[in-house]
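Coordinates from query-v2.pdb are shown below (PDB, C-alpha atoms, pLDDT in the B column).
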ATOM      1  CA  MET D  11     -21.481 -11.314  -5.260  1.00 78.00           C
ATOM      2  CA  ASP D  12     -20.784  -8.435  -7.646  1.00 83.00           C
ATOM      3  CA  ASN D  13     -17.365  -7.368  -8.949  1.00 83.00           C
ATOM      4  CA  LYS D  14     -17.098  -4.338  -6.657  1.00 83.00           C
ATOM      5  CA  THR D  15     -17.537  -6.457  -3.531  1.00 86.00           C
ATOM      6  CA  LYS D  16     -15.101  -9.099  -4.793  1.00 84.00           C
ATOM      7  CA  THR D  17     -12.499  -6.440  -5.580  1.00 79.00           C
ATOM      8  CA  LEU D  18     -12.829  -4.862  -2.136  1.00 79.00           C
ATOM      9  CA  LEU D  19     -12.569  -8.197  -0.329  1.00 84.00           C
ATOM     10  CA  ILE D  20      -9.589  -9.405  -2.348  1.00 83.00           C
ATOM     11  CA  GLY D  21      -7.847  -6.039  -1.953  1.00 79.00           C
ATOM     12  CA  ALA D  22      -8.365  -6.060   1.803  1.00 81.00           C
ATOM     13  CA  ALA D  23      -7.059  -9.624   2.056  1.00 84.00           C
ATOM     14  CA  ARG D  24      -3.918  -8.711   0.111  1.00 81.00           C
ATOM     15  CA  VAL D  25      -3.162  -5.499   1.988  1.00 79.00           C
ATOM     16  CA  ARG D  26      -3.347  -7.000   5.477  1.00 81.00           C
ATOM     17  CA  PRO D  27      -0.155  -9.123   5.158  1.00 82.00           C
ATOM     18  CA  LEU D  28       1.688  -6.068   3.836  1.00 79.00           C
ATOM     19  CA  ASP D  29       0.545  -4.124   6.894  1.00 81.00           C
ATOM     20  CA  TRP D  30       1.884  -6.835   9.187  1.00 84.00           C
ATOM     21  CA  GLN D  31       5.172  -6.966   7.312  1.00 86.00           C
ATOM     22  CA  ALA D  32       5.616  -3.191   7.492  1.00 83.00           C
ATOM     23  CA  HIS D  33       4.912  -3.273  11.226  1.00 84.00           C
ATOM     24  CA  PHE D  34       7.437  -6.081  11.690  1.00 87.00           C
ATOM     25  CA  TYR D  35      10.227  -4.202   9.876  1.00 87.00           C
ATOM     26  CA  PHE D  36       9.411  -0.914  11.580  1.00 83.00           C
ATOM     27  CA  THR D  37       9.524  -2.383  15.091  1.00 86.00           C
ATOM     28  CA  ARG D  38      12.585  -4.544  14.336  1.00 90.00           C
ATOM     29  CA  ARG D  39      14.528  -1.482  13.160  1.00 87.00           C
ATOM     30  CA  ALA D  40      13.563   0.371  16.322  1.00 86.00           C
ATOM     31  CA  GLU D  41      14.685  -2.558  18.492  1.00 88.00           C
ATOM     32  CA  GLU D  42      18.003  -2.924  16.641  1.00 90.00           C
ATOM     33  CA  THR D  43      18.848   0.766  16.952  1.00 90.00           C
ATOM     34  CA  GLY D  44      17.576   0.963  20.532  1.00 88.00           C
ATOM     35  CA  THR D  45      15.316   3.915  19.762  1.00 84.00           C
ATOM     36  CA  ASP D  46      11.654   4.583  20.367  1.00 83.00           C
ATOM     37  CA  ILE D  47       9.167   4.203  17.558  1.00 79.00           C
ATOM     38  CA  THR D  48       8.432   7.738  16.449  1.00 81.00           C
ATOM     39  CA  VAL D  49       6.996   9.174  13.278  1.00 80.00           C
ATOM     40  CA  SER D  50       7.055  12.926  12.809  1.00 88.00           C
ATOM     41  CA  ALA D  51       4.181  14.820  11.253  1.00 92.00           C
ATOM     42  CA  GLY D  52       6.310  15.478   8.182  1.00 93.00           C
ATOM     43  CA  ASP D  53       7.088  11.776   7.778  1.00 88.00           C
ATOM     44  CA  GLY D  54       3.396  10.950   8.100  1.00 86.00           C
ATOM     45  CA  MET D  55       2.429  13.524   5.489  1.00 92.00           C
ATOM     46  CA  ARG D  56       5.165  12.329   3.123  1.00 93.00           C
ATOM     47  CA  LEU D  57       4.014   8.724   3.507  1.00 87.00           C
ATOM     48  CA  GLY D  58       0.386   9.702   2.961  1.00 88.00           C
ATOM     49  CA  VAL D  59       1.200  11.579  -0.243  1.00 93.00           C
ATOM     50  CA  MET D  60       3.218   8.619  -1.527  1.00 92.00           C
ATOM     51  CA  ILE D  61       0.353   6.220  -0.803  1.00 88.00           C
ATOM     52  CA  ILE D  62      -2.164   8.490  -2.548  1.00 91.00           C
ATOM     53  CA  GLY D  63       0.162   8.712  -5.560  1.00 92.00           C
ATOM     54  CA  LEU D  64       0.484   4.930  -5.654  1.00 90.00           C
ATOM     55  CA  LEU D  65      -3.281   4.462  -5.480  1.00 85.00           C
ATOM     56  CA  ARG D  66      -3.827   7.009  -8.261  1.00 90.00           C
ATOM     57  CA  ALA D  67      -1.265   5.214 -10.451  1.00 90.00           C
ATOM     58  CA  ILE D  68      -2.999   1.888  -9.830  1.00 84.00           C
ATOM     59  CA  SER D  69      -6.413   3.345 -10.653  1.00 84.00           C
ATOM     60  CA  ASP D  70      -5.054   4.860 -13.885  1.00 87.00           C
ATOM     61  CA  LEU D  71      -3.981   1.438 -15.143  1.00 83.00           C
ATOM     62  CA  GLY D  72      -7.528   0.728 -16.315  1.00 75.00           C
ATOM     63  CA  ASP D  73      -7.749   4.032 -18.225  1.00 75.00           C
ATOM     64  CA  GLN D  74      -4.999   3.293 -20.725  1.00 68.00           C
ATOM     65  CA  PRO D  75      -6.386   3.072 -24.258  1.00 66.00           C
ATOM     66  CA  LYS D  76      -6.137  -0.232 -26.055  1.00 67.00           C
ATOM     67  CA  ASP D  77      -4.004  -0.402 -29.190  1.00 65.00           C
ATOM     68  CA  SER D  78      -6.306  -0.130 -32.136  1.00 55.00           C
ATOM     69  CA  LYS D  79      -5.336  -1.686 -35.423  1.00 57.00           C
ATOM     70  CA  LYS D  80      -6.131   0.456 -38.440  1.00 50.00           C
TER      71      LYS D  80
END

In structure tokens, what does this structure look like?
Amino acid sequence: MDNKTKTLLIGAARVRPLDWQAHFYFTRRAEETGTDITVSAGDGMRLGVMIIGLLRAISDLGDQPKDSKK
């Protein structure tokens, strides 16, 4: 198995528990407040932009130059 496949599989395995945890907290908050689960279009867009920013920051980690000794 090549590195790309390994990275995708490991990433998917790590993200799934976070998805479940987010769902748990989201529904628990709705139950505690007695409100329906609603997400406005603005909230969805804001969340999407934050996720894209996070992914870009993670992908930029590999682009940082190494310290070179002169």

What does the structure give for the distance between CA of Ile47 in chain D and CA of Phe34 in chain D, in Å to one decimal?
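We find that CA of Ile47 in chain D and CA of Phe34 in chain D lie 12.0 Å from each other.
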
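Pairwise distance (CA of Gly44 in chain D, CA of Arg56 in chain D) equals 24.2 Å.
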
Calculate how many Å separate CA of Arg39 in chain D from CA of Gly21 in chain D, rounding to one decimal.
27.4 Å

Take the point (6.9, 6.4, 16.6) in the file's coordinates, draw a sphere of radius 10 Å around it, and report as JSON, numbers by chain every protein, DNA or RNA residue with an atom inside or on it, counting all atoms listed in the file.
{"D": [36, 37, 40, 45, 46, 47, 48, 49, 50]}
